[in-house]
$ cat run_14.cif   # mmCIF, C-alpha atoms
data_input
loop_
_atom_site.label_atom_id
_atom_site.label_comp_id
_atom_site.auth_asym_id
_atom_site.auth_seq_id
_atom_site.Cartn_x
_atom_site.Cartn_y
_atom_site.Cartn_z
CA MET H 1 0.00 0.00 0.00
CA ALA H 2 1.43 3.37 -1.00
CA MET H 3 2.28 5.98 1.60
CA THR H 4 0.55 9.35 1.27
CA ILE H 5 2.53 12.58 1.14
CA GLN H 6 1.27 13.53 4.61
CA GLU H 7 2.31 10.16 6.06
CA HIS H 8 5.74 10.56 4.48
CA LYS H 9 6.11 14.06 6.01
CA GLU H 10 5.08 12.78 9.44
CA ARG H 11 7.48 9.84 9.24
CA THR H 12 10.33 12.12 8.13
CA ALA H 13 9.58 14.56 10.97
CA ARG H 14 9.61 11.72 13.52
CA SER H 15 12.93 10.46 12.14
CA TYR H 16 14.57 13.90 12.34
CA LYS H 17 13.29 14.47 15.85
CA LEU H 18 14.53 11.05 16.97
CA LEU H 19 17.99 11.75 15.53
CA LEU H 20 18.06 15.08 17.35
CA TRP H 21 17.05 13.35 20.60
CA PHE H 22 19.92 10.87 20.20
CA ALA H 23 22.36 13.75 19.61
CA MET H 24 21.08 15.64 22.66
CA ILE H 25 21.31 12.52 24.83
CA SER H 26 24.93 11.94 23.75
CA MET H 27 25.77 15.60 24.52
CA THR H 28 24.13 15.23 27.92
CA MET H 29 26.31 12.19 28.60
CA MET H 30 29.44 14.10 27.57
CA PHE H 31 28.66 17.00 29.90
CA GLY H 32 27.69 14.52 32.62
CA GLY H 33 31.19 13.07 32.30
CA LEU H 34 32.77 16.52 32.48
CA THR H 35 30.79 17.51 35.57
CA SER H 36 31.61 14.14 37.18
CA ALA H 37 35.31 14.77 36.56
CA TYR H 38 34.84 18.22 38.09
CA VAL H 39 33.32 16.66 41.23
CA VAL H 40 36.15 14.14 41.54
CA SER H 41 38.82 16.79 40.97
CA ASN H 42 37.58 19.23 43.60
CA SER H 43 39.24 17.14 46.30
CA ARG H 44 42.65 18.08 44.91
CA ALA H 45 44.90 20.19 47.12
CA ASP H 46 45.24 22.85 44.41
CA TRP H 47 41.48 23.25 43.92
CA MET H 48 40.23 26.86 44.32
CA LYS H 49 37.47 26.77 46.93
CA ASP H 50 36.86 30.53 46.80
CA PHE H 51 36.47 30.81 43.03
CA GLN H 52 34.02 33.52 41.98
CA MET H 53 32.12 33.25 38.71
CA PRO H 54 32.72 36.31 36.46
CA VAL H 55 29.75 38.69 36.16
CA ALA H 56 29.80 38.23 32.38
CA PHE H 57 28.64 34.62 32.85
CA PHE H 58 25.56 35.88 34.73
CA ILE H 59 24.75 38.22 31.83
CA SER H 60 25.28 35.47 29.27
CA THR H 61 22.97 33.20 31.25
CA ALA H 62 20.21 35.82 31.09
CA LEU H 63 20.78 36.21 27.34
CA ILE H 64 20.54 32.50 26.60
CA LEU H 65 17.27 32.33 28.54
CA VAL H 66 16.00 35.19 26.37
CA CYS H 67 16.93 33.05 23.34
CA SER H 68 14.59 30.30 24.50
CA LEU H 69 11.72 32.74 24.84
CA THR H 70 12.25 34.40 21.47
CA PHE H 71 12.60 31.03 19.71
CA LEU H 72 9.40 29.86 21.39
CA PHE H 73 7.60 33.00 20.19
CA ALA H 74 8.99 32.46 16.66
CA LYS H 75 7.63 28.92 16.64
CA ARG H 76 4.22 30.07 17.85
CA ALA H 77 4.13 32.89 15.29
CA ILE H 78 4.92 30.65 12.30
CA LYS H 79 2.14 28.27 13.38
CA LYS H 80 -0.21 31.26 12.97
CA ASP H 81 1.42 32.20 9.63
CA ASP H 82 2.60 35.46 11.22
CA ARG H 83 5.76 35.87 9.14
CA LYS H 84 6.63 39.34 10.45
CA THR H 85 6.65 38.27 14.12
CA THR H 86 8.52 35.09 13.20
CA THR H 87 11.22 37.16 11.46
CA ILE H 88 11.56 39.53 14.42
CA MET H 89 11.76 36.69 16.95
CA LEU H 90 14.31 34.73 14.89
CA PHE H 91 16.54 37.81 14.60
CA LEU H 92 16.16 38.54 18.33
CA THR H 93 17.21 34.95 19.02
CA LEU H 94 20.27 35.42 16.83
CA ILE H 95 21.20 38.72 18.49
CA ALA H 96 20.78 37.31 22.01
CA GLY H 97 22.72 34.17 20.99
CA LEU H 98 25.61 36.25 19.68
CA GLY H 99 25.41 38.34 22.87
CA PHE H 100 25.73 35.11 24.85
CA VAL H 101 28.91 34.24 22.94
CA TYR H 102 30.30 37.76 23.46
CA PHE H 103 29.75 37.63 27.23
CA GLN H 104 31.23 34.14 27.46
CA PHE H 105 34.46 35.49 25.99
CA ASP H 106 34.17 38.56 28.21
CA GLY H 107 34.04 36.15 31.15
CA PHE H 108 37.30 34.58 29.95
CA HIS H 109 38.77 38.08 29.65
CA SER H 110 37.75 38.81 33.26
CA LEU H 111 39.47 35.64 34.41
CA ALA H 112 42.64 36.62 32.57
CA LYS H 113 42.56 40.12 34.09
CA ASN H 114 42.49 38.46 37.52
CA ASN H 115 45.46 36.23 36.56
CA MET H 116 43.32 33.09 36.41
CA TYR H 117 44.50 30.94 33.54
CA PRO H 118 43.70 27.37 32.58
CA VAL H 119 47.34 26.42 31.97
CA GLY H 120 50.86 27.59 32.66
CA GLY H 121 52.57 28.81 35.81
CA ALA H 122 49.51 30.76 36.98
CA GLY H 123 47.18 28.00 35.75
CA SER H 124 44.53 26.44 37.93
CA ILE H 125 42.73 23.13 37.56
CA THR H 126 39.50 24.88 38.59
CA VAL H 127 39.84 27.43 35.79
CA SER H 128 40.85 24.64 33.38
CA PHE H 129 37.59 22.84 34.06
CA LEU H 130 35.64 26.06 33.62
CA TYR H 131 37.31 26.65 30.24
CA ILE H 132 36.74 23.07 29.06
CA ILE H 133 33.06 23.10 30.02
CA VAL H 134 32.36 26.56 28.60
CA VAL H 135 34.28 25.98 25.36
CA ALA H 136 32.57 22.60 24.84
CA HIS H 137 29.21 24.30 25.30
CA LEU H 138 30.23 27.12 22.94
CA ALA H 139 31.16 24.53 20.29
CA HIS H 140 27.67 23.06 20.52
CA LEU H 141 26.20 26.56 20.52
CA ALA H 142 28.08 27.28 17.27
CA GLY H 143 26.03 24.46 15.76
CA GLY H 144 22.91 26.11 17.15
CA ILE H 145 23.82 29.47 15.61
CA ILE H 146 24.56 27.84 12.24
CA SER H 147 21.20 26.04 12.34
CA LEU H 148 19.51 29.31 13.31
CA LEU H 149 21.12 31.06 10.31
CA ILE H 150 19.84 28.25 8.06
CA ILE H 151 16.37 28.61 9.59
CA ILE H 152 16.42 32.38 8.98
CA TYR H 153 17.54 31.78 5.37
CA ASN H 154 14.79 29.19 4.83
CA HIS H 155 12.27 31.52 6.44
CA PHE H 156 13.14 34.23 3.92
CA LYS H 157 12.82 31.64 1.15
CA GLN H 158 9.27 31.10 2.56
CA LYS H 159 9.82 27.42 3.31
CA TYR H 160 7.94 27.65 6.62
CA ASN H 161 4.25 28.21 7.25
CA SER H 162 1.56 26.90 9.56
CA GLY H 163 1.61 23.56 7.72
CA GLN H 164 5.40 23.26 7.48
CA THR H 165 7.24 24.09 10.69
CA LEU H 166 9.67 21.17 10.97
CA GLY H 167 12.89 23.20 10.56
CA ILE H 168 11.84 25.75 13.15
CA GLU H 169 10.65 23.01 15.51
CA LEU H 170 13.98 21.16 15.28
CA GLY H 171 15.94 24.39 15.73
CA ALA H 172 13.83 25.32 18.74
CA MET H 173 14.30 21.87 20.30
CA TYR H 174 18.07 22.10 19.94
CA TRP H 175 18.20 25.70 21.14
CA HIS H 176 16.06 24.93 24.22
CA PHE H 177 18.34 21.99 24.95
CA LEU H 178 21.42 24.25 24.76
CA ASP H 179 19.71 26.77 27.04
CA PHE H 180 18.81 24.21 29.68
CA LEU H 181 22.24 22.62 29.36
CA TRP H 182 23.93 25.97 30.00
CA LEU H 183 21.60 26.70 32.91
CA TYR H 184 22.52 23.34 34.46
CA LEU H 185 26.25 23.94 33.86
CA PHE H 186 26.11 27.49 35.20
CA LEU H 187 24.26 26.48 38.37
CA PHE H 188 26.56 23.49 38.80
CA LEU H 189 29.70 25.63 38.48
CA TYR H 190 28.26 28.36 40.66
CA PHE H 191 27.05 26.20 43.56
CA PHE H 192 29.43 23.23 43.50
CA LYS H 193 32.76 24.35 44.90
#

$ encode --input "run_14.cif" --output "structure tokens"
Amino acid sequence: MAMTIQEHKERTARSYKLLLWFAMISMTMMFGGLTSAYVVSNSRADWMKDFQMPVAFFISTALILVCSLTFLFAKRAIKKDDRKTTTIMLFLTLIAGLGFVYFQFDGFHSLAKNNMYPVGGAGSITVSFLYIIVVAHLAHLAGGIISLLIIIYNHFKQKYNSGQTLGIELGAMYWHFLDFLWLYLFLFLYFFK
């Protein structure tokens, strides 16, 4: 029996979402391993117990939470065929996402100004872990920004509407995952000393 076009679209959407879930689960396992190593390492004699998180990381955390909201609003708007609101929300997501990246690097700059380096004579294992975790998250966020740029491009090519939202849905799923992952990492690094 032949599959209808709608059945094919639904099956394809389920396949893409399942692949994304597998990718997000593997990323969760990777960051679980990094945070476990962080927990084990904090018993070292050279561990900094009085480490203070740079203010820039607080700002970046607020910005990435804004990204989740704007992406959610973009997804809702396209489901109503509100192209103008979708465009605005996608661009706000991009701007806040790039702001997140900027403040992450500003946080690294603050650490360097306070002579906290991940390696070398002034290096600290605590700062090394912070760098590894943040840079690993930034690498995954780069994938999120690239996918967001593709979504914006496809949106301008009018590939999305109330009946075709798969690209925006997948992008939103990944972006929300990155947001919650950063929130977990930030709270973990802030409270676990």

$ residues_around --input "run_14.cif" --residues "region 115-128 of chain H" --least-positions-apart "2" --cutoff "9 Å" --atoms "all atoms listed in the file" --output "JSON, numbers by chain"
{"H": [38, 41, 42, 44, 46, 47, 48, 49, 51, 108, 110, 111, 112, 113, 130, 131, 132, 133]}

$ resolve_selection --input "run_14.cif" --expression "the PyMOL selection byres ((chain H and resi 168-175) around 8)" --output "list in words"
Tyr16, Lys17, Leu20, Met24, Cys67, Ser68, Phe71, Leu72, Lys75, Gly144, Ser147, Leu148, Ile151, Tyr160, Thr165, Leu166, Gly167, His176, Phe177, Leu178 and Asp179 of chain H

$ resolve_selection --input "run_14.cif" --expression "the PyMOL selection byres ((chain H and resi 184) around 12)" --output "PyMOL selection string"
chain H and resi 28+31-32+35+61+65+133-134+137+177-183+185-192

$ atom_distance --input "run_14.cif" --atom1 "CA of Gln52 (chain H)" --atom2 "CA of Ala96 (chain H)"
24.3 Å

$ atom_distance --input "run_14.cif" --atom1 "CA of Leu94 (chain H)" --atom2 "CA of Leu69 (chain H)"
12.0 Å

$ closest_residue --input "run_14.cif" --among "H:Leu19, H:Leu98, H:Asn114, H:Leu90" --to "Ala142 (chain H)" --atoms "only C-alpha atoms"
H:Leu98

$ closest_residue --input "run_14.cif" --among "H:Arg76, H:Thr70, H:Ser26, H:Asp106" --to "Phe58 (chain H)" --atoms "all atoms listed in the file"
H:Asp106

$ atom_distance --input "run_14.cif" --atom1 "CA of Ala136 (chain H)" --atom2 "CA of Met27 (chain H)"
9.8 Å

$ resolve_selection --input "run_14.cif" --expression "the PyMOL selection byres ((chain H and resi 162) around 7)" --output "list of chain:residue names"
H:Ile78, H:Lys79, H:Lys80, H:Asp81, H:Asn161, H:Gly163, H:Gln164, H:Thr165

$ residues_around --input "run_14.cif" --residues "Gly107 (chain H)" --least-positions-apart "5" --cutoff "7 Å" --atoms "all atoms listed in the file" --output "ChimeraX atom specification"
/H:54,56-57

$ closest_residue --input "run_14.cif" --among "H:Phe22, H:Phe103, H:Phe73, H:Tyr153" --to "Ile88 (chain H)" --atoms "only C-alpha atoms"
H:Phe73

$ closest_residue --input "run_14.cif" --among "H:His109, H:His155, H:His140, H:Lys193" --to "Ala23 (chain H)" --atoms "all atoms listed in the file"
H:His140

$ closest_residue --input "run_14.cif" --among "H:Ile25, H:Met3, H:Ile64, H:Met30" --to "Leu141 (chain H)" --atoms "all atoms listed in the file"
H:Ile64

$ closest_residue --input "run_14.cif" --among "H:Ala37, H:Gln158, H:Glu7, H:Ile146" --to "Asp82 (chain H)" --atoms "only C-alpha atoms"
H:Gln158
